[in-house]
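Data block for entry09.cif (mmCIF, C-alpha atoms and all ligand atoms):
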data_run
loop_
_atom_site.group_PDB
_atom_site.id
_atom_site.type_symbol
_atom_site.label_atom_id
_atom_site.label_comp_id
_atom_site.auth_asym_id
_atom_site.auth_seq_id
_atom_site.Cartn_x
_atom_site.Cartn_y
_atom_site.Cartn_z
ATOM 1 C CA MET A 1 0.000 0.000 0.000
ATOM 2 C CA MET A 2 2.797 2.403 1.041
ATOM 3 C CA HIS A 3 4.673 1.552 -2.158
ATOM 4 C CA TRP A 4 1.656 2.553 -4.298
ATOM 5 C CA ILE A 5 1.224 5.809 -2.367
ATOM 6 C CA LEU A 6 4.885 6.701 -2.929
ATOM 7 C CA THR A 7 4.670 5.736 -6.617
ATOM 8 C CA PHE A 8 1.518 7.820 -7.063
ATOM 9 C CA THR A 9 3.158 10.773 -5.255
ATOM 10 C CA TRP A 10 6.211 10.510 -7.495
ATOM 11 C CA CYS A 11 4.028 10.517 -10.644
ATOM 12 C CA ILE A 12 2.201 13.645 -9.453
ATOM 13 C CA LEU A 13 5.510 15.356 -8.598
ATOM 14 C CA HIS A 14 6.923 14.395 -11.986
ATOM 15 C CA LEU A 15 3.938 15.850 -13.836
ATOM 16 C CA VAL A 16 4.096 19.061 -11.795
ATOM 17 C CA ALA A 17 7.838 19.370 -12.491
ATOM 18 C CA GLN A 18 7.272 18.937 -16.211
ATOM 19 C CA SER A 19 4.584 21.598 -16.280
ATOM 20 C CA SER A 20 6.587 24.167 -14.319
ATOM 21 C CA SER A 21 9.615 26.186 -15.377
ATOM 22 C CA ILE A 22 11.814 24.378 -12.827
ATOM 23 C CA LEU A 23 13.887 21.511 -14.155
ATOM 24 C CA ILE A 24 14.139 18.688 -11.647
ATOM 25 C CA ASP A 25 16.549 15.782 -12.157
ATOM 26 C CA LYS A 26 14.662 12.521 -11.434
ATOM 27 C CA SER A 27 17.761 10.831 -10.011
ATOM 28 C CA ILE A 28 18.106 13.592 -7.422
ATOM 29 C CA VAL A 29 14.409 13.619 -6.556
ATOM 30 C CA ASP A 30 14.522 9.836 -6.048
ATOM 31 C CA LYS A 31 17.146 10.291 -3.352
ATOM 32 C CA TRP A 32 15.281 12.987 -1.494
ATOM 33 C CA SER A 33 13.812 12.106 1.845
ATOM 34 C CA LYS A 34 10.078 12.239 2.461
ATOM 35 C CA HIS A 35 10.113 15.731 3.926
ATOM 36 C CA ASP A 36 12.280 17.036 1.065
ATOM 37 C CA GLN A 37 9.671 15.801 -1.393
ATOM 38 C CA GLN A 38 7.034 17.731 0.559
ATOM 39 C CA LEU A 39 9.147 20.891 0.273
ATOM 40 C CA PHE A 40 9.585 20.292 -3.434
ATOM 41 C CA LYS A 41 5.828 19.891 -3.897
ATOM 42 C CA SER A 42 5.007 23.177 -2.187
ATOM 43 C CA PHE A 43 7.684 24.968 -4.216
ATOM 44 C CA THR A 44 6.649 23.726 -7.647
ATOM 45 C CA ASN A 45 2.950 24.160 -7.004
ATOM 46 C CA LYS A 46 3.359 27.804 -6.145
ATOM 47 C CA THR A 47 6.033 29.072 -8.529
ATOM 48 C CA THR A 48 3.960 28.899 -11.715
ATOM 49 C CA ASP A 49 2.986 32.428 -12.819
ATOM 50 C CA LEU A 50 4.124 34.132 -9.622
ATOM 51 C CA ASN A 51 5.065 37.802 -9.533
ATOM 52 C CA GLY A 52 7.136 40.117 -7.357
ATOM 53 C CA ASP A 53 7.342 39.195 -3.687
ATOM 54 C CA GLU A 54 5.405 35.989 -4.267
ATOM 55 C CA HIS A 55 8.624 34.293 -5.391
ATOM 56 C CA ILE A 56 10.467 35.150 -2.187
ATOM 57 C CA ASN A 57 7.374 34.198 -0.180
ATOM 58 C CA VAL A 58 7.579 30.695 -1.651
ATOM 59 C CA LEU A 59 11.202 30.485 -0.533
ATOM 60 C CA LEU A 60 10.308 31.705 2.957
ATOM 61 C CA GLU A 61 7.546 29.125 3.172
ATOM 62 C CA ASN A 62 10.046 26.483 2.057
ATOM 63 C CA ASN A 63 12.310 27.627 4.865
ATOM 64 C CA ARG A 64 9.532 27.306 7.448
ATOM 65 C CA ASN A 65 8.766 23.810 6.131
ATOM 66 C CA TRP A 66 12.450 22.890 6.315
ATOM 67 C CA VAL A 67 12.755 24.155 9.896
ATOM 68 C CA ARG A 68 9.636 22.226 10.895
ATOM 69 C CA ALA A 69 10.773 19.023 9.170
ATOM 70 C CA LYS A 70 14.334 19.192 10.558
ATOM 71 C CA SER A 71 13.016 19.872 14.073
ATOM 72 C CA GLU A 72 10.720 16.855 13.872
ATOM 73 C CA GLU A 73 13.491 14.667 12.448
ATOM 74 C CA GLU A 74 16.169 15.781 14.909
ATOM 75 C CA PRO A 75 14.807 17.882 17.830
ATOM 76 C CA ASP A 76 18.223 19.295 18.871
ATOM 77 C CA PHE A 77 19.391 19.969 15.285
ATOM 78 C CA PHE A 78 19.223 23.784 15.476
ATOM 79 C CA GLU A 79 20.577 23.877 19.018
ATOM 80 C CA LYS A 80 23.697 22.099 17.694
ATOM 81 C CA LEU A 81 23.810 24.242 14.532
ATOM 82 C CA GLY A 82 23.677 27.409 16.606
ATOM 83 C CA LYS A 83 26.804 26.413 18.518
ATOM 84 C CA GLY A 84 29.121 26.789 15.508
ATOM 85 C CA GLN A 85 30.590 24.837 12.656
ATOM 86 C CA ALA A 86 33.293 22.207 12.304
ATOM 87 C CA PRO A 87 33.079 21.041 8.681
ATOM 88 C CA LYS A 88 35.502 18.383 7.444
ATOM 89 C CA PHE A 89 35.261 19.472 3.823
ATOM 90 C CA LEU A 90 36.125 22.599 1.863
ATOM 91 C CA TYR A 91 34.485 22.818 -1.566
ATOM 92 C CA PHE A 92 35.620 24.867 -4.560
ATOM 93 C CA GLY A 93 33.034 24.537 -7.308
ATOM 94 C CA CYS A 94 31.450 26.229 -10.293
ATOM 95 C CA SER A 95 28.588 28.670 -9.706
ATOM 96 C CA ASP A 96 26.434 26.662 -12.138
ATOM 97 C CA SER A 97 22.983 26.189 -10.563
ATOM 98 C CA ARG A 98 22.997 22.457 -11.305
ATOM 99 C CA LEU A 99 25.683 21.747 -8.710
ATOM 100 C CA PRO A 100 24.283 22.246 -5.201
ATOM 101 C CA PRO A 101 27.232 20.738 -3.257
ATOM 102 C CA THR A 102 25.274 19.505 -0.252
ATOM 103 C CA GLN A 103 22.729 17.740 -2.457
ATOM 104 C CA ILE A 104 25.093 16.100 -4.940
ATOM 105 C CA LEU A 105 27.405 14.919 -2.134
ATOM 106 C CA GLY A 106 24.666 13.949 0.310
ATOM 107 C CA LEU A 107 25.802 16.358 3.023
ATOM 108 C CA GLY A 108 23.823 18.535 5.397
ATOM 109 C CA ALA A 109 24.060 21.976 7.017
ATOM 110 C CA GLY A 110 27.377 22.443 8.831
ATOM 111 C CA GLU A 111 29.204 19.691 6.942
ATOM 112 C CA ILE A 112 30.895 21.522 4.055
ATOM 113 C CA PHE A 113 32.499 24.977 3.713
ATOM 114 C CA VAL A 114 31.765 26.321 0.245
ATOM 115 C CA HIS A 115 33.308 28.689 -2.275
ATOM 116 C CA ARG A 116 31.905 28.912 -5.792
ATOM 117 C CA ASN A 117 32.824 30.959 -8.824
ATOM 118 C CA VAL A 118 32.576 30.840 -12.600
ATOM 119 C CA GLY A 119 34.638 27.863 -13.772
ATOM 120 C CA ASN A 120 35.639 26.572 -10.289
ATOM 121 C CA LEU A 121 38.955 28.440 -10.335
ATOM 122 C CA VAL A 122 41.428 28.842 -7.484
ATOM 123 C CA PRO A 123 43.659 31.683 -8.685
ATOM 124 C CA GLY A 124 46.712 32.615 -6.654
ATOM 125 C CA ASN A 125 45.710 36.294 -6.750
ATOM 126 C CA ASP A 126 42.015 36.014 -5.829
ATOM 127 C CA LEU A 127 41.615 37.504 -2.358
ATOM 128 C CA ASN A 128 38.151 35.990 -2.023
ATOM 129 C CA ALA A 129 39.121 32.376 -2.820
ATOM 130 C CA LEU A 130 42.351 32.648 -0.810
ATOM 131 C CA SER A 131 40.536 34.048 2.232
ATOM 132 C CA VAL A 132 38.090 31.142 2.124
ATOM 133 C CA LEU A 133 41.035 28.748 1.845
ATOM 134 C CA GLU A 134 42.956 30.379 4.696
ATOM 135 C CA TYR A 135 39.964 30.358 7.040
ATOM 136 C CA ALA A 136 38.950 26.779 6.213
ATOM 137 C CA VAL A 137 42.449 25.291 6.487
ATOM 138 C CA ALA A 138 44.069 27.343 9.225
ATOM 139 C CA HIS A 139 41.057 28.021 11.457
ATOM 140 C CA LEU A 140 38.341 25.440 10.752
ATOM 141 C CA GLY A 141 40.881 22.678 10.198
ATOM 142 C CA VAL A 142 39.162 21.011 7.246
ATOM 143 C CA THR A 143 40.691 17.649 6.385
ATOM 144 C CA ASP A 144 39.729 17.429 2.703
ATOM 145 C CA ILE A 145 39.525 20.020 -0.059
ATOM 146 C CA LEU A 146 37.298 19.194 -3.028
ATOM 147 C CA VAL A 147 37.686 21.003 -6.348
ATOM 148 C CA THR A 148 34.567 20.126 -8.314
ATOM 149 C CA GLY A 149 34.166 20.890 -11.997
ATOM 150 C CA HIS A 150 31.382 19.692 -14.261
ATOM 151 C CA TYR A 151 30.766 18.685 -17.846
ATOM 152 C CA ASP A 152 28.743 21.091 -19.986
ATOM 153 C CA CYS A 153 30.447 23.963 -18.145
ATOM 154 C CA GLY A 154 29.565 27.287 -19.781
ATOM 155 C CA ALA A 155 32.798 28.875 -18.547
ATOM 156 C CA VAL A 156 34.937 26.142 -20.090
ATOM 157 C CA ARG A 157 32.958 26.261 -23.335
ATOM 158 C CA ALA A 158 33.254 30.073 -23.518
ATOM 159 C CA SER A 159 37.000 29.922 -22.947
ATOM 160 C CA THR A 160 37.472 27.924 -26.146
ATOM 161 C CA LYS A 161 35.589 30.322 -28.415
ATOM 162 C CA ARG A 162 36.706 33.406 -30.323
ATOM 163 C CA GLN A 163 34.473 35.949 -28.612
ATOM 164 C CA ASP A 164 34.849 39.119 -26.571
ATOM 165 C CA LEU A 165 32.862 38.855 -23.334
ATOM 166 C CA GLY A 166 34.279 42.005 -21.778
ATOM 167 C CA LEU A 167 35.407 41.799 -18.161
ATOM 168 C CA LEU A 168 34.588 38.089 -18.043
ATOM 169 C CA ASP A 169 37.409 37.371 -20.518
ATOM 170 C CA ASN A 170 39.992 38.279 -17.886
ATOM 171 C CA TRP A 171 38.590 35.563 -15.635
ATOM 172 C CA LEU A 172 38.124 32.967 -18.380
ATOM 173 C CA ARG A 173 41.685 33.570 -19.588
ATOM 174 C CA MET A 174 42.809 31.358 -16.699
ATOM 175 C CA ILE A 175 40.989 28.452 -18.379
ATOM 176 C CA ARG A 176 42.581 29.418 -21.706
ATOM 177 C CA ASP A 177 45.927 29.172 -19.856
ATOM 178 C CA VAL A 178 45.025 25.619 -18.808
ATOM 179 C CA TYR A 179 44.436 24.855 -22.495
ATOM 180 C CA ARG A 180 47.837 26.363 -23.360
ATOM 181 C CA ILE A 181 49.605 24.182 -20.773
ATOM 182 C CA HIS A 182 47.954 21.041 -22.232
ATOM 183 C CA LYS A 183 47.769 22.238 -25.841
ATOM 184 C CA GLU A 184 49.566 19.265 -27.419
ATOM 185 C CA HIS A 185 47.241 16.759 -25.780
ATOM 186 C CA LEU A 186 44.016 18.713 -26.322
ATOM 187 C CA ASP A 187 44.712 19.620 -29.957
ATOM 188 C CA GLN A 188 44.932 15.916 -30.774
ATOM 189 C CA ILE A 189 41.336 15.279 -29.643
ATOM 190 C CA GLU A 190 39.203 15.717 -32.775
ATOM 191 C CA ASP A 191 35.750 15.307 -31.222
ATOM 192 C CA GLU A 192 34.711 18.695 -29.833
ATOM 193 C CA GLU A 193 32.663 17.290 -26.946
ATOM 194 C CA ALA A 194 35.420 14.870 -25.923
ATOM 195 C CA ARG A 195 37.878 17.787 -25.989
ATOM 196 C CA HIS A 196 35.495 19.812 -23.791
ATOM 197 C CA PHE A 197 35.258 16.943 -21.278
ATOM 198 C CA GLN A 198 39.039 16.681 -21.183
ATOM 199 C CA LEU A 199 39.513 20.437 -20.675
ATOM 200 C CA VAL A 200 36.964 20.364 -17.819
ATOM 201 C CA GLU A 201 39.015 17.632 -16.127
ATOM 202 C CA LEU A 202 42.388 19.300 -16.767
ATOM 203 C CA ASN A 203 41.025 22.574 -15.389
ATOM 204 C CA VAL A 204 40.038 20.804 -12.150
ATOM 205 C CA ILE A 205 43.488 19.182 -11.915
ATOM 206 C CA GLU A 206 45.284 22.514 -12.450
ATOM 207 C CA GLN A 207 43.194 24.109 -9.678
ATOM 208 C CA CYS A 208 44.161 21.235 -7.356
ATOM 209 C CA LEU A 209 47.815 21.862 -8.180
ATOM 210 C CA ASN A 210 47.222 25.578 -7.554
ATOM 211 C CA LEU A 211 45.998 24.708 -4.064
ATOM 212 C CA HIS A 212 49.218 22.790 -3.448
ATOM 213 C CA LYS A 213 51.208 25.897 -4.357
ATOM 214 C CA THR A 214 49.649 28.052 -1.619
ATOM 215 C CA GLY A 215 51.450 28.863 1.606
ATOM 216 C CA VAL A 216 48.498 27.981 3.830
ATOM 217 C CA VAL A 217 48.230 24.439 2.406
ATOM 218 C CA GLN A 218 52.009 23.846 2.453
ATOM 219 C CA ARG A 219 52.299 25.176 6.020
ATOM 220 C CA LYS A 220 49.438 23.041 7.327
ATOM 221 C CA ARG A 221 50.627 19.873 5.575
ATOM 222 C CA MET A 222 54.166 20.406 6.876
ATOM 223 C CA ASP A 223 52.983 20.952 10.470
ATOM 224 C CA VAL A 224 50.718 17.896 10.367
ATOM 225 C CA LYS A 225 53.444 15.762 8.775
ATOM 226 C CA GLU A 226 56.012 16.740 11.397
ATOM 227 C CA LYS A 227 53.541 15.987 14.191
ATOM 228 C CA LEU A 228 52.689 12.570 12.709
ATOM 229 C CA ILE A 229 56.352 11.670 12.158
ATOM 230 C CA LYS A 230 57.150 12.613 15.758
ATOM 231 C CA GLU A 231 54.282 10.449 17.059
ATOM 232 C CA LEU A 232 55.254 7.539 14.805
ATOM 233 C CA TYR A 233 58.948 7.605 15.775
ATOM 234 C CA GLU A 234 57.910 7.632 19.410
ATOM 235 C CA GLY A 235 55.727 4.622 18.580
ATOM 236 C CA VAL A 236 58.623 2.861 16.825
ATOM 237 C CA GLU A 237 60.921 3.531 19.787
ATOM 238 C CA ASN A 238 58.336 2.230 22.250
ATOM 239 C CA ALA A 239 57.812 -0.828 20.039
ATOM 240 C CA ALA A 240 61.568 -1.414 19.926
ATOM 241 C CA ASP A 241 61.702 -1.129 23.722
ATOM 242 C CA SER A 242 58.869 -3.606 24.075
ATOM 243 C CA GLY A 243 60.832 -5.926 21.787
ATOM 244 C CA THR A 244 57.855 -7.371 19.901
ATOM 245 C CA ILE A 245 58.389 -7.736 16.160
ATOM 246 C CA LEU A 246 54.658 -7.348 15.475
ATOM 247 C CA SER A 247 54.407 -3.931 17.125
ATOM 248 C CA GLN A 248 57.563 -2.797 15.273
ATOM 249 C CA LEU A 249 56.064 -3.951 11.977
ATOM 250 C CA LEU A 250 52.795 -2.132 12.689
ATOM 251 C CA SER A 251 54.673 1.088 13.394
ATOM 252 C CA MET A 252 56.657 0.720 10.163
ATOM 253 C CA MET A 253 53.413 0.197 8.209
ATOM 254 C CA GLN A 254 51.974 3.360 9.737
ATOM 255 C CA LEU A 255 55.108 5.200 8.618
ATOM 256 C CA ALA A 256 54.644 3.933 5.043
ATOM 257 C CA ARG A 257 51.036 5.234 5.034
ATOM 258 C CA LEU A 258 52.045 8.604 6.417
ATOM 259 C CA GLU A 259 51.442 10.520 3.195
ATOM 260 C CA GLU A 260 47.739 9.510 3.223
ATOM 261 C CA GLU A 261 47.331 10.887 6.738
ATOM 262 C CA VAL A 262 48.756 14.330 5.978
ATOM 263 C CA ILE A 263 45.990 16.943 5.753
ATOM 264 C CA PRO A 264 44.510 18.836 4.087
ATOM 265 C CA ARG A 265 44.141 16.242 1.342
ATOM 266 C CA ILE A 266 43.173 17.641 -2.052
ATOM 267 C CA HIS A 267 40.752 15.892 -4.412
ATOM 268 C CA GLY A 268 39.648 16.683 -7.960
ATOM 269 C CA LEU A 269 36.029 15.790 -8.776
ATOM 270 C CA VAL A 270 33.838 16.130 -11.849
ATOM 271 C CA PHE A 271 30.032 16.215 -11.800
ATOM 272 C CA ASN A 272 28.067 14.990 -14.794
ATOM 273 C CA PRO A 273 24.753 16.902 -14.984
ATOM 274 C CA SER A 274 23.382 14.343 -17.458
ATOM 275 C CA ASP A 275 23.303 11.521 -14.918
ATOM 276 C CA GLY A 276 24.095 13.185 -11.560
ATOM 277 C CA SER A 277 27.263 11.155 -11.017
ATOM 278 C CA VAL A 278 30.456 12.508 -9.469
ATOM 279 C CA LYS A 279 33.790 10.916 -10.344
ATOM 280 C CA LYS A 280 37.200 11.348 -8.747
ATOM 281 C CA LEU A 281 40.065 12.305 -11.037
ATOM 282 C CA PRO A 282 43.485 10.680 -10.700
ATOM 283 C CA ILE A 283 45.911 13.470 -9.851
ATOM 284 C CA ASN A 284 49.664 13.117 -9.865
ATOM 285 C CA PHE A 285 50.836 15.379 -7.081
ATOM 286 C CA ASN A 286 54.389 14.190 -7.753
ATOM 287 C CA LEU A 287 54.257 16.698 -10.589
ATOM 288 C CA ASN A 288 54.264 19.416 -7.961
ATOM 289 C CA LYS A 289 57.119 17.655 -6.158
ATOM 290 C CA LYS A 290 59.176 17.905 -9.349
ATOM 291 C CA LEU A 291 58.458 21.619 -9.282
ATOM 292 C CA ASP A 292 59.111 21.915 -5.562
ATOM 293 C CA HIS A 293 62.302 23.921 -6.141
ATOM 294 C CA ILE A 294 60.042 26.540 -7.781
ATOM 295 C CA TYR A 295 56.813 26.448 -5.734
ATOM 296 C CA GLY A 296 58.047 24.986 -2.442
ATOM 297 C CA LEU A 297 57.950 27.561 0.369
ATOM 298 C CA TYR A 298 59.539 25.345 3.027
ATOM 299 C CA GLU A 299 62.576 23.085 3.231
ATOM 300 C CA ARG A 300 61.328 19.492 3.499
HETATM 301 ZN ZN ZN A 401 30.504 25.651 -14.874
#

Give the structure from this file in structure tokens form.
Ligand SMILES: [Zn+2]
Amino acid sequence: MMHWILTFTWCILHLVAQSSSILIDKSIVDKWSKHDQQLFKSFTNKTTDLNGDEHINVLLENNRNWVRAKSEEEPDFFEKLGKGQAPKFLYFGCSDSRLPPTQILGLGAGEIFVHRNVGNLVPGNDLNALSVLEYAVAHLGVTDILVTGHYDCGAVRASTKRQDLGLLDNWLRMIRDVYRIHKEHLDQIEDEEARHFQLVELNVIEQCLNLHKTGVVQRKRMDVKEKLIKELYEGVENAADSGTILSQLLSMMQLARLEEEVIPRIHGLVFNPSDGSVKKLPINFNLNKKLDHIYGLYER
């Protein structure tokens, strides 16, 4: 019985979504919880042919519904939220409206610190992006930084066309620079869409490398690494004192895995708006190690 009710509700929601101006991805809607679907229903029902303040009133009503639903689901949710934040993740992503980070990564309020701009760039001279990075790494102590690009990115597409977009060109030039760095590889890809996909991925990777070049990331990783090495050597010494081969081996294994424990870790992700999937890109950070005599700010 419950199954039929849910199926019927989904059909109604689907029809409403099709008839409204709001595009809803079925795969995302499927994952929404029951109360999220109720919010969605109230939003879509009321946004057709609305004018002026009526739009913001729908959003405010959504907010009241969200507060009510969250309070019912977790009575002390807002009490905890009001006490501050301690997110594990820092997100750099494109401003594209199809990439709500909490939704596509299944996270909630207080779980991810977010910075978004056109083309998910992390320039070394952008006070805004760098301030977000500094605060998240040095003060919030995030453990993982996610640079998230996406296919069908308007910024990446625009940066491969001969067109004058005014001020925006100065920003998009950084993506053109990514193309220049990887020109030989990209020029060999004949299919335009495949070349776009590849440039999206290379742009994400270059932004990850940019993060590795910053002082705040290098400083934090060095401090954490030194602390871990100190703890591990103490562990090895204690194991040696205890004389057991097993405990010595365990300490040596921990030493070998040290690099994985050093934070903040940096990950390159790409979102595919056509199916909602997010994939992790393989990134060779050894490339930065080869350039350490140029970008390294500390003796290692
Ligand atoms: Zn984009």

Determine the nearest neighbour of Ile266 of chain A from the options A:Glu231, A:Asp126, A:Glu134, A:Asp144, counting all atoms listed in the file.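 Distance minimum relative to Ile266 of chain A lands on A:Asp144.
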
Tell me which of A:Ile104, A:Ile283, A:Leu50, A:Leu172 sits closest to His212 of chain A, counting only C-alpha atoms. A:Ile283

Hey, which residues come within 8 Å of ligand ZN 401 (chain A) if we count all atoms listed in the file? Could you give them as a list in words? Cys94, Ser95, Asp96, Val118, Gly119, Asn120, Gly149, His150, Tyr151, Asp152, Cys153, Gly154, Ala155 and Val156 of chain A

So, counting only C-alpha atoms, which residue among A:Leu199, A:Gln218, A:Asp292, A:Leu211 is closest to Ala129 of chain A? A:Leu211

With 4 Å on each side, where is the centre of the axis-aligned box around all listed atoms of segment 69-85 of chain A, and how long are its edges in Å to one decimal, as JSON?
{"center_x": 20.7, "center_y": 21.0, "center_z": 14.1, "size_x": 27.9, "size_y": 20.7, "size_z": 17.8}

If you measure from atom CA of Asn128 of chain A to atom CA of Asp164 of chain A, what distance in Å do you get, rounded to one decimal?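 Atom-to-atom, atom CA of Asn128 of chain A and atom CA of Asp164 of chain A are spaced 25.0 Å apart.
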
If the PyMOL selection byres (((chain A and resi 85) around 6) and not hetatm) is run on the structure shown, which residues does it catch, given as a ChimeraX atom specification? /A:84,86,110

Using the selection just defined, write its residues with C-alpha atoms as an mmCIF file, in the coordinates of the input.
data_model
loop_
_atom_site.group_PDB
_atom_site.id
_atom_site.type_symbol
_atom_site.label_atom_id
_atom_site.label_comp_id
_atom_site.auth_asym_id
_atom_site.auth_seq_id
_atom_site.Cartn_x
_atom_site.Cartn_y
_atom_site.Cartn_z
ATOM 1 C CA GLY A 84 29.121 26.789 15.508
ATOM 2 C CA ALA A 86 33.293 22.207 12.304
ATOM 3 C CA GLY A 110 27.377 22.443 8.831
#
